[in-house]
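> To be precise about what I am sending: the file is called protein22.txt and holds compact mmCIF, C-alpha atoms and all ligand atoms.
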```txt
# COMPACT_ATOMS: atom_id res chain seq x y z
CA MET Q 242 -125.34 10.96 46.44
CA VAL Q 243 -121.76 12.34 46.53
CA ARG Q 244 -121.39 14.95 49.31
CA VAL Q 245 -119.20 17.79 48.07
CA GLY Q 246 -117.14 20.47 49.77
CA ILE Q 247 -115.37 23.38 48.06
CA PHE Q 248 -112.47 25.38 49.55
CA GLY Q 249 -112.22 28.78 47.86
CA ALA Q 250 -115.87 28.73 46.78
CA THR Q 251 -116.04 32.40 45.80
CA GLY Q 252 -113.27 32.44 43.17
CA PHE Q 253 -113.96 31.97 39.47
CA THR Q 254 -113.34 28.21 39.51
CA GLY Q 255 -115.21 27.83 42.82
CA ILE Q 256 -118.30 29.54 41.41
CA GLU Q 257 -118.05 27.46 38.26
CA LEU Q 258 -117.94 24.30 40.40
CA ILE Q 259 -121.08 25.43 42.23
CA ARG Q 260 -122.85 26.23 38.94
CA ILE Q 261 -122.08 22.76 37.55
CA LEU Q 262 -122.70 20.82 40.78
CA SER Q 263 -125.98 22.56 41.59
CA LYS Q 264 -127.43 20.80 38.50
CA HIS Q 265 -125.58 17.49 39.04
CA LYS Q 266 -128.14 14.81 39.82
CA ASP Q 267 -125.78 12.64 41.89
CA ALA Q 268 -123.95 15.31 43.90
CA LYS Q 269 -124.95 17.59 46.75
CA ILE Q 270 -122.97 20.58 47.96
CA VAL Q 271 -122.66 20.39 51.75
CA TYR Q 272 -119.71 22.62 52.59
CA LEU Q 273 -118.36 25.87 51.09
CA SER Q 274 -115.45 27.87 52.48
CA SER Q 275 -114.56 31.53 52.11
CA GLN Q 276 -112.42 33.82 54.22
CA ARG Q 277 -113.69 37.07 52.80
CA TYR Q 278 -117.43 36.25 52.79
CA ASN Q 279 -117.47 33.94 55.78
CA SER Q 280 -121.02 33.39 57.18
CA ARG Q 281 -122.78 34.94 54.17
CA VAL Q 282 -125.08 32.94 51.92
CA ILE Q 283 -123.40 32.24 48.57
CA SER Q 284 -126.35 33.50 46.51
CA ASP Q 285 -126.14 36.87 48.35
CA VAL Q 286 -122.55 37.17 47.17
CA TYR Q 287 -123.30 35.81 43.66
CA PRO Q 288 -126.99 36.48 42.85
CA SER Q 289 -126.72 34.33 39.69
CA LEU Q 290 -126.93 31.36 42.10
CA GLU Q 291 -130.26 32.53 43.60
CA GLY Q 292 -132.52 29.48 43.85
CA PHE Q 293 -129.74 27.10 42.81
CA CYS Q 294 -127.43 27.18 45.83
CA GLU Q 295 -128.25 28.73 49.20
CA ASN Q 296 -125.41 27.27 51.28
CA LYS Q 297 -123.72 29.43 53.88
CA LEU Q 298 -120.02 30.20 53.43
CA GLU Q 299 -117.89 28.98 56.32
CA ASP Q 300 -114.38 29.38 57.64
CA MET Q 301 -111.93 26.74 56.49
CA ASP Q 302 -112.42 23.84 58.92
CA LEU Q 303 -110.60 20.73 57.70
CA GLU Q 304 -111.97 18.41 60.35
CA LYS Q 305 -115.55 19.40 59.69
CA ALA Q 306 -115.14 19.31 55.92
CA ALA Q 307 -113.61 15.82 56.07
CA SER Q 308 -116.41 14.56 58.30
CA VAL Q 309 -119.36 15.81 56.22
CA CYS Q 310 -117.96 15.39 52.66
CA ASP Q 311 -117.03 12.50 50.37
CA VAL Q 312 -114.92 14.75 48.14
CA LEU Q 313 -113.19 18.10 48.61
CA PHE Q 314 -112.44 20.43 45.71
CA ILE Q 315 -109.61 22.85 46.45
CA ALA Q 316 -110.13 25.99 44.38
CA LEU Q 317 -107.49 28.06 46.20
CA PRO Q 318 -104.25 29.51 44.87
CA SER Q 319 -101.53 26.87 44.55
CA GLY Q 320 -99.60 26.19 47.77
CA TYR Q 321 -102.51 25.37 50.10
CA ALA Q 322 -103.51 21.92 48.94
CA TYR Q 323 -100.70 19.87 50.45
CA GLU Q 324 -101.67 20.74 54.04
CA ILE Q 325 -105.37 20.19 53.37
CA ALA Q 326 -104.81 16.88 51.60
CA SER Q 327 -102.35 15.52 54.14
CA LYS Q 328 -104.68 16.32 57.05
CA THR Q 329 -107.74 14.78 55.40
CA LEU Q 330 -106.00 11.84 53.68
CA ARG Q 331 -108.09 8.64 53.40
CA LYS Q 332 -111.06 10.34 55.12
CA VAL Q 333 -112.14 12.09 51.96
CA LYS Q 334 -111.12 12.25 48.28
CA VAL Q 335 -109.36 15.45 47.21
CA ILE Q 336 -109.36 17.19 43.82
CA ASP Q 337 -106.96 20.13 43.72
CA LEU Q 338 -107.53 22.69 40.97
CA GLY Q 339 -104.16 24.29 41.68
CA ALA Q 340 -100.73 22.93 40.79
CA ASP Q 341 -99.66 21.25 44.06
CA PHE Q 342 -100.23 17.66 42.90
CA ARG Q 343 -99.50 17.94 39.19
CA PHE Q 344 -95.79 17.17 39.28
CA ASP Q 345 -93.97 13.85 39.45
CA ASP Q 346 -90.79 15.53 40.64
CA TYR Q 347 -90.75 17.75 43.74
CA SER Q 348 -87.67 19.68 42.60
CA ILE Q 349 -89.56 20.84 39.50
CA TYR Q 350 -92.58 21.85 41.59
CA LYS Q 351 -90.26 23.82 43.94
CA GLU Q 352 -88.57 25.55 41.04
CA TRP Q 353 -91.88 26.99 39.78
CA TYR Q 354 -94.25 27.21 42.77
CA THR Q 355 -93.94 28.36 46.38
CA GLY Q 356 -95.77 25.63 48.38
CA ASN Q 357 -93.96 23.39 50.87
CA CYS Q 358 -94.68 19.68 50.75
CA ASP Q 359 -92.12 17.79 52.86
CA GLU Q 360 -93.39 14.35 51.92
CA TYR Q 361 -94.25 15.11 48.31
CA ASP Q 362 -92.98 11.80 46.96
CA LYS Q 363 -94.97 9.74 49.48
CA ILE Q 364 -98.33 11.31 48.62
CA GLU Q 365 -100.30 9.07 46.29
CA ARG Q 366 -101.92 11.18 43.59
CA VAL Q 367 -102.80 11.10 39.90
CA TYR Q 368 -102.57 13.76 37.21
CA GLY Q 369 -106.24 14.32 36.46
CA LEU Q 370 -106.42 14.24 32.69
CA PRO Q 371 -109.13 11.59 32.16
CA GLU Q 372 -108.35 11.04 28.48
CA LEU Q 373 -104.89 9.76 29.50
CA TYR Q 374 -105.25 8.46 33.07
CA ARG Q 375 -108.84 7.27 33.47
CA GLU Q 376 -107.98 3.90 34.99
CA THR Q 377 -105.72 5.29 37.74
CA ILE Q 378 -108.10 8.19 38.46
CA LYS Q 379 -110.77 5.63 39.43
CA LYS Q 380 -108.85 4.62 42.59
CA ALA Q 381 -106.85 7.78 43.30
CA PRO Q 382 -107.16 9.41 46.75
CA ILE Q 383 -105.90 12.76 45.39
CA ILE Q 384 -106.17 14.33 41.95
CA GLY Q 385 -103.92 17.09 40.65
CA ASN Q 386 -106.32 18.71 38.19
CA PRO Q 387 -104.33 19.88 35.14
CA GLY Q 388 -103.65 23.53 34.35
CA CYS Q 389 -105.76 25.23 31.70
CA TYR Q 390 -103.04 25.78 29.08
CA PRO Q 391 -101.64 22.25 29.65
CA THR Q 392 -105.10 20.72 29.08
CA SER Q 393 -105.44 22.38 25.68
CA ALA Q 394 -101.84 21.66 24.66
CA ILE Q 395 -101.56 18.05 25.87
CA LEU Q 396 -104.88 16.98 24.34
CA GLY Q 397 -103.88 18.65 21.06
CA LEU Q 398 -100.41 17.10 20.89
CA ALA Q 399 -100.88 13.63 22.41
CA PRO Q 400 -101.95 11.72 19.26
CA ALA Q 401 -99.21 13.21 17.08
CA LEU Q 402 -96.45 12.52 19.63
CA LYS Q 403 -97.71 9.07 20.58
CA SER Q 404 -97.93 7.96 16.95
CA GLY Q 405 -94.34 9.07 16.31
CA ILE Q 406 -95.10 11.10 13.16
CA VAL Q 407 -93.51 14.30 14.55
CA GLU Q 408 -90.20 15.38 16.09
CA HIS Q 409 -89.95 16.01 19.83
CA ASN Q 410 -89.51 19.76 19.74
CA VAL Q 411 -92.81 21.61 19.74
CA ILE Q 412 -93.80 25.26 19.57
CA ILE Q 413 -96.98 26.13 21.48
CA ASP Q 414 -98.60 29.52 20.99
CA SER Q 415 -101.59 29.96 23.33
CA LYS Q 416 -104.20 32.67 23.79
CA SER Q 417 -106.31 32.89 26.93
CA GLY Q 418 -109.38 34.80 28.06
CA VAL Q 419 -108.94 37.04 31.11
CA SER Q 420 -110.84 34.78 33.56
CA GLY Q 421 -107.73 32.56 33.43
CA ALA Q 422 -106.08 35.07 35.77
CA GLY Q 423 -108.70 34.59 38.54
CA HIS Q 424 -110.99 37.25 39.98
CA SER Q 425 -108.64 39.09 42.31
CA PRO Q 426 -107.81 42.46 40.78
CA ASN Q 427 -104.31 42.77 39.42
CA GLN Q 428 -102.71 44.74 36.67
CA ILE Q 429 -103.18 42.05 34.04
CA ASN Q 430 -106.97 41.72 34.40
CA MET Q 431 -107.98 45.40 34.68
CA TYR Q 432 -110.50 46.34 31.98
CA VAL Q 433 -108.41 49.22 30.66
CA GLU Q 434 -105.32 47.01 30.41
CA CYS Q 435 -106.87 44.09 28.57
CA ASN Q 436 -109.73 45.57 26.52
CA ASN Q 437 -108.74 46.23 22.86
CA ASN Q 438 -105.36 44.73 23.63
CA ILE Q 439 -103.45 41.50 23.15
CA ARG Q 440 -100.06 40.71 24.54
CA ALA Q 441 -97.69 37.90 25.37
CA TYR Q 442 -96.60 37.39 28.98
CA ASN Q 443 -94.14 35.17 30.87
CA VAL Q 444 -92.46 34.47 27.54
CA ALA Q 445 -90.08 31.48 27.78
CA LYS Q 446 -90.75 31.26 31.54
CA HIS Q 447 -94.38 30.36 32.15
CA ARG Q 448 -94.90 27.76 34.90
CA HIS Q 449 -97.10 25.64 32.68
CA ARG Q 450 -94.13 24.75 30.48
CA PRO Q 451 -92.68 22.11 32.87
CA GLU Q 452 -96.15 20.62 33.37
CA ILE Q 453 -96.66 20.30 29.62
CA GLU Q 454 -93.17 18.83 29.12
CA GLN Q 455 -93.69 16.30 31.93
CA GLU Q 456 -96.80 14.90 30.30
CA LEU Q 457 -95.65 15.08 26.68
CA THR Q 458 -92.40 13.29 27.56
CA LYS Q 459 -94.40 10.40 29.04
CA ILE Q 460 -96.70 10.23 26.01
CA ALA Q 461 -93.87 10.40 23.48
CA GLY Q 462 -91.69 7.98 25.43
CA GLN Q 463 -88.74 10.32 25.05
CA ASN Q 464 -87.62 13.72 26.22
CA THR Q 465 -89.89 16.35 24.67
CA ARG Q 466 -89.07 20.05 24.69
CA VAL Q 467 -91.57 22.85 24.19
CA ILE Q 468 -91.35 26.55 23.51
CA PHE Q 469 -94.48 27.96 25.13
CA THR Q 470 -95.78 31.51 24.67
CA PRO Q 471 -99.05 32.47 26.39
CA HIS Q 472 -101.04 35.56 25.36
CA LEU Q 473 -103.78 37.45 27.14
CA THR Q 474 -106.69 38.29 24.84
CA PRO Q 475 -109.80 40.44 25.43
CA MET Q 476 -112.19 37.51 25.90
CA THR Q 477 -113.92 36.46 29.11
CA ARG Q 478 -113.31 32.73 28.66
CA GLY Q 479 -111.54 30.41 26.27
CA ILE Q 480 -108.12 29.16 25.24
CA LEU Q 481 -106.82 28.60 21.72
CA SER Q 482 -103.49 26.81 21.49
CA THR Q 483 -101.82 26.67 18.09
CA MET Q 484 -98.97 24.16 17.97
CA TYR Q 485 -96.22 23.56 15.44
CA CYS Q 486 -94.45 20.19 15.05
CA ASN Q 487 -91.94 19.13 12.39
CA LEU Q 488 -93.14 16.04 10.54
CA LYS Q 489 -90.55 13.26 10.31
CA LYS Q 490 -91.55 12.56 6.71
CA GLU Q 491 -94.10 13.70 4.16
CA THR Q 492 -97.53 12.89 5.58
CA ARG Q 493 -101.08 13.12 4.20
CA ILE Q 494 -103.60 15.10 6.20
CA GLU Q 495 -106.08 12.21 5.91
CA ASP Q 496 -103.59 10.00 7.77
CA VAL Q 497 -103.25 12.57 10.55
CA TYR Q 498 -107.04 12.72 10.79
CA ASP Q 499 -107.21 8.91 11.14
CA ILE Q 500 -104.57 8.96 13.90
CA TYR Q 501 -106.52 11.60 15.85
CA LYS Q 502 -109.94 9.98 15.28
CA ASP Q 503 -108.59 6.66 16.47
CA PHE Q 504 -106.84 8.12 19.53
CA TYR Q 505 -110.02 9.84 20.71
CA LYS Q 506 -112.55 7.30 19.45
CA ASP Q 507 -113.99 6.62 22.93
CA GLU Q 508 -113.73 10.16 24.26
CA TYR Q 509 -116.98 12.03 24.72
CA PHE Q 510 -115.36 15.37 25.50
CA VAL Q 511 -112.80 15.55 22.69
CA LYS Q 512 -114.00 16.38 19.19
CA VAL Q 513 -111.66 15.97 16.24
CA LEU Q 514 -112.60 18.21 13.31
CA LYS Q 515 -112.45 17.04 9.71
CA PRO Q 516 -109.50 18.39 7.66
CA GLY Q 517 -110.23 21.92 6.50
CA ASN Q 518 -112.26 22.84 9.62
CA TYR Q 519 -110.53 24.88 12.28
CA PRO Q 520 -111.64 25.14 15.92
CA ALA Q 521 -112.72 28.40 17.56
CA THR Q 522 -113.15 29.22 21.24
CA LYS Q 523 -116.86 29.92 20.69
CA ASN Q 524 -117.33 26.30 19.56
CA VAL Q 525 -116.68 25.16 23.14
CA TYR Q 526 -117.71 28.25 25.15
CA ASP Q 527 -119.47 27.32 28.39
CA SER Q 528 -118.90 23.57 27.87
CA ASN Q 529 -116.53 20.77 28.88
CA PHE Q 530 -115.50 20.00 25.28
CA CYS Q 531 -112.10 20.26 23.65
CA GLN Q 532 -112.07 20.67 19.87
CA ILE Q 533 -109.01 19.84 17.82
CA GLY Q 534 -108.24 20.66 14.18
CA PHE Q 535 -105.07 20.65 12.10
CA GLU Q 536 -103.40 21.56 8.83
CA ILE Q 537 -100.17 20.52 7.15
CA ASP Q 538 -97.86 23.24 5.92
CA LYS Q 539 -96.24 21.30 3.06
CA HIS Q 540 -93.75 24.07 2.37
CA ALA Q 541 -92.24 23.67 5.84
CA ASN Q 542 -93.23 20.00 6.35
CA THR Q 543 -94.91 21.08 9.57
CA LEU Q 544 -98.04 19.82 11.28
CA ILE Q 545 -100.05 22.73 12.72
CA ILE Q 546 -102.51 21.67 15.42
CA MET Q 547 -105.20 23.91 16.92
CA SER Q 548 -106.93 23.04 20.18
CA VAL Q 549 -109.66 24.99 22.01
CA ILE Q 550 -111.24 24.68 25.45
CA ASP Q 551 -113.18 26.84 27.90
CA ASN Q 552 -110.48 27.54 30.51
CA LEU Q 553 -112.95 27.54 33.40
CA ILE Q 554 -114.66 24.28 32.39
CA LYS Q 555 -112.47 21.70 30.58
CA GLY Q 556 -109.49 23.79 31.78
CA ALA Q 557 -110.57 23.69 35.45
CA SER Q 558 -113.96 23.06 37.11
CA GLY Q 559 -115.58 20.88 34.42
CA GLN Q 560 -112.53 18.63 34.26
CA ALA Q 561 -112.55 18.48 38.08
CA VAL Q 562 -116.18 17.27 38.03
CA GLN Q 563 -115.31 14.81 35.23
CA ASN Q 564 -112.65 13.43 37.60
CA MET Q 565 -115.15 13.27 40.47
CA ASN Q 566 -117.56 11.31 38.26
CA ILE Q 567 -114.82 8.80 37.42
CA MET Q 568 -113.75 8.45 41.07
CA PHE Q 569 -117.30 7.73 42.21
CA GLY Q 570 -118.25 5.39 39.36
CA LEU Q 571 -120.73 7.81 37.77
CA PRO Q 572 -121.25 8.32 34.02
CA GLU Q 573 -118.46 10.70 33.05
CA ASN Q 574 -120.69 13.36 31.54
CA THR Q 575 -123.11 13.62 34.49
CA GLY Q 576 -123.70 17.33 35.11
CA LEU Q 577 -121.41 18.20 32.20
CA ASP Q 578 -123.57 17.62 29.18
CA MET Q 579 -123.97 21.28 28.26
CA VAL Q 580 -124.18 22.42 24.64
CA PRO Q 581 -121.70 25.27 23.96
CA THR Q 582 -123.20 28.77 24.06
CA ILE Q 583 -123.51 30.75 20.78
CA PRO Q 584 -123.15 33.67 20.13
N1 LIG Q 601 -109.06 30.64 36.39
C1 LIG Q 601 -108.73 29.59 35.63
O1 LIG Q 601 -109.05 29.56 34.42
C2 LIG Q 601 -107.99 28.43 36.22
C3 LIG Q 601 -107.57 28.39 37.53
N2 LIG Q 601 -106.88 27.30 38.01
C4 LIG Q 601 -106.42 27.21 39.40
O2 LIG Q 601 -107.56 27.12 40.26
C5 LIG Q 601 -107.29 27.76 41.52
C6 LIG Q 601 -108.36 28.82 41.75
O3 LIG Q 601 -108.31 29.75 40.68
P1 LIG Q 601 -109.40 30.90 40.47
O4 LIG Q 601 -110.72 30.42 40.90
O5 LIG Q 601 -109.22 31.39 39.09
O6 LIG Q 601 -108.85 31.99 41.50
P2 LIG Q 601 -109.60 33.22 42.15
O7 LIG Q 601 -108.55 34.22 42.44
O8 LIG Q 601 -110.75 33.61 41.30
O9 LIG Q 601 -110.17 32.61 43.51
C7 LIG Q 601 -109.37 32.02 44.51
C8 LIG Q 601 -110.15 32.04 45.82
O10 LIG Q 601 -109.32 31.50 46.84
C9 LIG Q 601 -109.56 32.19 48.08
N3 LIG Q 601 -108.27 32.46 48.73
C10 LIG Q 601 -107.86 31.94 49.89
N4 LIG Q 601 -106.64 32.32 50.18
C11 LIG Q 601 -106.24 33.13 49.19
C12 LIG Q 601 -105.05 33.87 48.96
N5 LIG Q 601 -104.02 33.81 49.78
N6 LIG Q 601 -105.00 34.61 47.84
C13 LIG Q 601 -106.04 34.69 46.99
N7 LIG Q 601 -107.19 33.97 47.17
C14 LIG Q 601 -107.28 33.23 48.27
C15 LIG Q 601 -110.32 33.45 47.75
O11 LIG Q 601 -111.60 33.34 48.35
P3 LIG Q 601 -111.96 33.98 49.78
O12 LIG Q 601 -111.25 35.27 49.88
O13 LIG Q 601 -113.43 34.14 49.72
O14 LIG Q 601 -111.52 32.96 50.76
C16 LIG Q 601 -110.51 33.45 46.24
O15 LIG Q 601 -111.83 33.72 45.88
C17 LIG Q 601 -105.87 28.33 41.39
O16 LIG Q 601 -104.97 27.43 41.96
C18 LIG Q 601 -105.67 28.45 39.88
O17 LIG Q 601 -104.34 28.39 39.53
C19 LIG Q 601 -106.65 26.21 37.23
C20 LIG Q 601 -107.05 26.19 35.92
C21 LIG Q 601 -107.73 27.30 35.31
C1 LIG Q 602 -104.65 34.37 31.75
C2 LIG Q 602 -103.87 33.89 32.93
O1 LIG Q 602 -103.34 34.68 33.70
N1 LIG Q 602 -103.79 32.58 33.10
C3 LIG Q 602 -103.12 32.01 34.21
C4 LIG Q 602 -103.40 30.56 34.24
C5 LIG Q 602 -103.37 30.16 35.68
C6 LIG Q 602 -103.57 28.78 35.97
O2 LIG Q 602 -104.59 28.22 35.74
O3 LIG Q 602 -102.47 28.21 36.42
P1 LIG Q 602 -102.18 27.29 37.67
O4 LIG Q 602 -103.42 26.56 38.06
O5 LIG Q 602 -101.14 26.40 37.16
O6 LIG Q 602 -101.70 28.21 38.73
C7 LIG Q 602 -101.60 32.23 34.16
O7 LIG Q 602 -101.05 32.41 33.09
O8 LIG Q 602 -100.96 32.12 35.23
```
Go ahead and express the file in the form of structure tokens.
Ligand SMILES: NC(=O)C1=CN([C@@H]2O[C@H](COP(=O)(O)OP(=O)(O)OC[C@H]3O[C@@H](n4cnc5c(N)ncnc54)[C@H](OP(=O)(O)O)[C@@H]3O)[C@@H](O)[C@H]2O)C=CC1
Ligand SMILES: CC(=O)N[C@@H](CCC(=O)OP(=O)(O)O)C(=O)O


Amino acid sequence: MVRVGIFGATGFTGIELIRILSKHKDAKIVYLSSQRYNSRVISDVYPSLEGFCENKLEDMDLEKAASVCDVLFIALPSGYAYEIASKTLRKVKVIDLGADFRFDDYSIYKEWYTGNCDEYDKIERVYGLPELYRETIKKAPIIGNPGCYPTSAILGLAPALKSGIVEHNVIIDSKSGVSGAGHSPNQINMYVECNNNIRAYNVAKHRHRPEIEQELTKIAGQNTRVIFTPHLTPMTRGILSTMYCNLKKETRIEDVYDIYKDFYKDEYFVKVLKPGNYPATKNVYDSNFCQIGFEIDKHANTLIIMSVIDNLIKGASGQAVQNMNIMFGLPENTGLDMVPTIP
């Protein structure tokens, strides 16, 4: 039985971790932290957990957490994980849902995030996208769980870039549900601001751009540039990323389908749709799946790829549990085998 602790248990990703792990047959939640609700029972704060999880919320106590847990999930805003991970290193595995361990290069992390990690380069960690890094995740002491937009974009683009059929300049147009912004009230997630409304934000300067470029450059084997525009849409959950790549030469859609099917042939959580079928966020709602579809615009010789995920599951807590399963030698879909919710 894997003993689990969660820092930041009352946020959206923390609650989603509890929901998944409370039904995970090989994991047991033994430690939950919260500043705001310290000493309350989690199901009093979130009655949806009544009968599923009755743990008491505690103050953040690194020593205690490291001594009673086998793995710690950090579901806090970015900037906290370095201190937690460095103080608990080798005593317990760490999976950070924030951005602190996603970057290969500290100067890029510092340019986009505010955390301080003096020994960044010395910390052994792996970018936690199982479809690309499964073998290194198995032995990693620390996982930097990918961002939600990067998960949808990288999974959607990897086969095309790896196979070399497209140029290395990509346009990514993404739409996210409001839960992507977390549960703390701010102007962006107020009902009256986001209901009946759709808008772009952080245009040409979103912090997920360098994360996406880092990974796509490694996959493509050469410098890859992206133009990334995120949009906030009036949905609770879900991300749709639509991506545009110039084809190097005329290509048949059946050949693109074969490339994608082959790339993901062993992947349980990635579903490649047949040509003519397009993904929708509802196809993966409340599940750990990513669905990918595509079309060729012959007029512009452009490959258009569409990728959908549930931002809170494959884009965060589900992927984090998938990583935990890999690290502890469990079947990868343990606790994650949910059928998407319709309608
Ligand atoms: N929402 C999403 O779709 C995704 C989120 N992520 C990442 O996961 C992490 C958690 O995100 P999410 O669950 O959405 O965030 P929330 O805002 O919903 O929750 C964060 C929790 O962290 C605790 N906390 C501790 N210190 C602070 C602080 N200084 N400011 C705010 N909260 C604090 C709070 O709990 P308390 O007050 O009880 O201690 C809060 O509930 C973030 O790093 C985020 O970037 C990654 C992918 C997708
Ligand atoms: C809709 C919305 O606001 N989404 C968030 C995604 C946050 C996230 O998951 O990013 P990190 O884990 O990299 O901080 C945003 O655009 O910042």

> Using only C-alpha atoms and all ligand atoms, pick whichever of Q:Ile315, Q:Ile468, Q:Ala399, Q:Val419 has the shortest atom-to-atom distance to ligand LIG 602 (chain Q).

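Between Q:Ile315, Q:Ile468, Q:Ala399, Q:Val419, the residue approaching ligand LIG 602 (chain Q) most closely is Q:Val419.
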
> Point out the residue among Q:Val335, Q:Ile480, Q:Leu544, Q:Val444 with the least atom-to-atom distance to ligand LIG 601 (chain Q), counting only C-alpha atoms and all ligand atoms.

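The answer is Q:Ile480, which sits nearest to ligand LIG 601 (chain Q).
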
> Please identify every polymer residue within 8 Å of ligand LIG 602 (chain Q), using only C-alpha atoms and all ligand atoms, and present the set as a list in words.

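Residues satisfying the distance criterion: Pro318, Ser319, Leu338, Gly339, Ala340, Pro387, Gly388, Cys389, Tyr390, Ser417, Gly418, Val419, Ser420, Gly421, Ala422, Gly423, Ile429, Asn430, Tyr442, Asn443, His447, Arg448, His449, Pro471, His472, Leu473, Asn552, Gly556 and Ala557 of chain Q.
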
> Could you check how far CA of Ile270 (chain Q) sits from CA of Leu290 (chain Q), in Å to one decimal?

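Interatomic distance, CA of Ile270 (chain Q) to CA of Leu290 (chain Q): 12.9 Å.
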
> Please determine the residues with any atom at most 10 Å from (-101.0, 25.7, 17.7) (coordinates as given in the file, with all atoms listed in the file counting) and report them as a PyMOL selection string.

chain Q and resi 393-394+397-398+411-416+481-486+533-535+544-549

> How far is it from CA of Ala401 (chain Q) to CA of Phe510 (chain Q), in Å with one decimal?

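Computing it gives 18.3 Å between the two atoms.
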
> Would you compute the box with edges along x, y and z of the file around ligand LIG 601 (chain Q), including every atom the file lists for it and 8 Å extra on each side, and give its centre and edge lengths in Å to one decimal, as JSON?


```
{"center_x": -108.7, "center_y": 30.7, "center_z": 42.6, "size_x": 25.4, "size_y": 25.1, "size_z": 32.3}
```

> Between Q:Glu291, Q:Glu304, Q:Asp337, Q:Asp359, which residue has the minimum interatomic distance to ligand LIG 601 (chain Q), considering all atoms listed in the file?

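The shortest atom-to-atom distance to ligand LIG 601 (chain Q) comes from Q:Asp337.
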
> Out of Q:Met431, Q:Leu317, Q:Leu370, Q:Leu402, which residue has the shortest atom-to-atom distance to ligand LIG 601 (chain Q) when counting all atoms listed in the file?

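Among the listed residues, Q:Leu317 lies closest to ligand LIG 601 (chain Q).
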
> Kindly give the distance, in Å, that separates CA of Pro400 (chain Q) and CA of Gln463 (chain Q), rounded to a single decimal.

14.5 Å

> So that I can check the surroundings of Val243 (chain Q), please list as a ChimeraX atom specification every protein, DNA and RNA residue that reaches within 8 Å of it, counting only C-alpha atoms and ignoring chain neighbours fewer than 3 positions away.

/Q:267-269,310-312,569

> When distances are computed from only C-alpha atoms, which of Q:Lys403, Q:Pro391, Q:Met579, Q:Leu514 shows the smallest separation from Phe469 (chain Q)?

Q:Pro391

> Go through Q:Leu258, Q:Val286, Q:Ile247, Q:Cys435 one by one, measure the shortest atom-to-atom distance of each to Val271 (chain Q) using all atoms listed in the file, and give the residue with the smallest value.

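Among the listed residues, Q:Ile247 lies closest to Val271 (chain Q).
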
> I'd like the contact shell of region 378-384 of chain Q - 10 Å cut-off, all atoms listed in the file, skipping same-chain residues fewer than 2 positions apart - returned as a ChimeraX atom specification.

/Q:312-314,326-327,330-338,341-343,364-371,373-376,386-387,561,564-570

> With only C-alpha atoms as the counted atoms, please give the residues lying no more than 9 Å from Ser284 (chain Q), apart from itself and same-chain residues fewer than 5 positions off, as a ChimeraX atom specification.

/Q:289-297

> Could you list, as a PyMOL selection string, every residue within 10 Å of Glu324 (chain Q), counting only C-alpha atoms and ignoring same-chain residues fewer than 3 positions away?

chain Q and resi 303+320-321+327-330+356-358

> Fewer than 4 positions away in the same chain doesn't count, so skip those; otherwise give me all residues within 7 Å of Tyr272 (chain Q), counting only C-alpha atoms, as a ChimeraX atom specification.

/Q:245-247,306

> Start from the incomplete input, build N, CA and C atoms for region 334-344 of chain Q, and deliver everything as a PDB file, in the coordinates of the input.


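Ended up saving to result_21.pdb:
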```
ATOM      1  N   LYS Q 334    -111.894  12.089  49.525  1.00  0.00           N
ATOM      2  CA  LYS Q 334    -111.120  12.250  48.280  1.00  0.00           C
ATOM      3  C   LYS Q 334    -110.856  13.741  48.069  1.00  0.00           C
ATOM      4  N   VAL Q 335    -109.742  14.049  47.428  1.00  0.00           N
ATOM      5  CA  VAL Q 335    -109.360  15.450  47.210  1.00  0.00           C
ATOM      6  C   VAL Q 335    -109.087  15.693  45.724  1.00  0.00           C
ATOM      7  N   ILE Q 336    -109.666  16.776  45.202  1.00  0.00           N
ATOM      8  CA  ILE Q 336    -109.360  17.190  43.820  1.00  0.00           C
ATOM      9  C   ILE Q 336    -108.859  18.625  43.907  1.00  0.00           C
ATOM     10  N   ASP Q 337    -107.575  18.801  43.615  1.00  0.00           N
ATOM     11  CA  ASP Q 337    -106.960  20.130  43.720  1.00  0.00           C
ATOM     12  C   ASP Q 337    -106.922  20.801  42.356  1.00  0.00           C
ATOM     13  N   LEU Q 338    -107.542  21.980  42.256  1.00  0.00           N
ATOM     14  CA  LEU Q 338    -107.530  22.690  40.970  1.00  0.00           C
ATOM     15  C   LEU Q 338    -106.230  23.462  40.766  1.00  0.00           C
ATOM     16  N   GLY Q 339    -105.454  23.632  41.802  1.00  0.00           N
ATOM     17  CA  GLY Q 339    -104.160  24.290  41.680  1.00  0.00           C
ATOM     18  C   GLY Q 339    -103.087  23.295  41.230  1.00  0.00           C
ATOM     19  N   ALA Q 340    -101.829  23.693  41.399  1.00  0.00           N
ATOM     20  CA  ALA Q 340    -100.730  22.930  40.790  1.00  0.00           C
ATOM     21  C   ALA Q 340    -100.020  21.980  41.747  1.00  0.00           C
ATOM     22  N   ASP Q 341    -100.466  21.940  43.034  1.00  0.00           N
ATOM     23  CA  ASP Q 341     -99.660  21.250  44.060  1.00  0.00           C
ATOM     24  C   ASP Q 341     -99.458  19.757  43.818  1.00  0.00           C
ATOM     25  N   PHE Q 342    -100.372  19.112  43.110  1.00  0.00           N
ATOM     26  CA  PHE Q 342    -100.230  17.660  42.900  1.00  0.00           C
ATOM     27  C   PHE Q 342    -100.066  17.286  41.438  1.00  0.00           C
ATOM     28  N   ARG Q 343     -99.638  18.242  40.623  1.00  0.00           N
ATOM     29  CA  ARG Q 343     -99.500  17.940  39.190  1.00  0.00           C
ATOM     30  C   ARG Q 343     -98.146  17.363  38.811  1.00  0.00           C
ATOM     31  N   PHE Q 344     -97.160  17.505  39.705  1.00  0.00           N
ATOM     32  CA  PHE Q 344     -95.790  17.170  39.280  1.00  0.00           C
ATOM     33  C   PHE Q 344     -95.319  15.835  39.833  1.00  0.00           C
TER      34      PHE Q 344
END
```
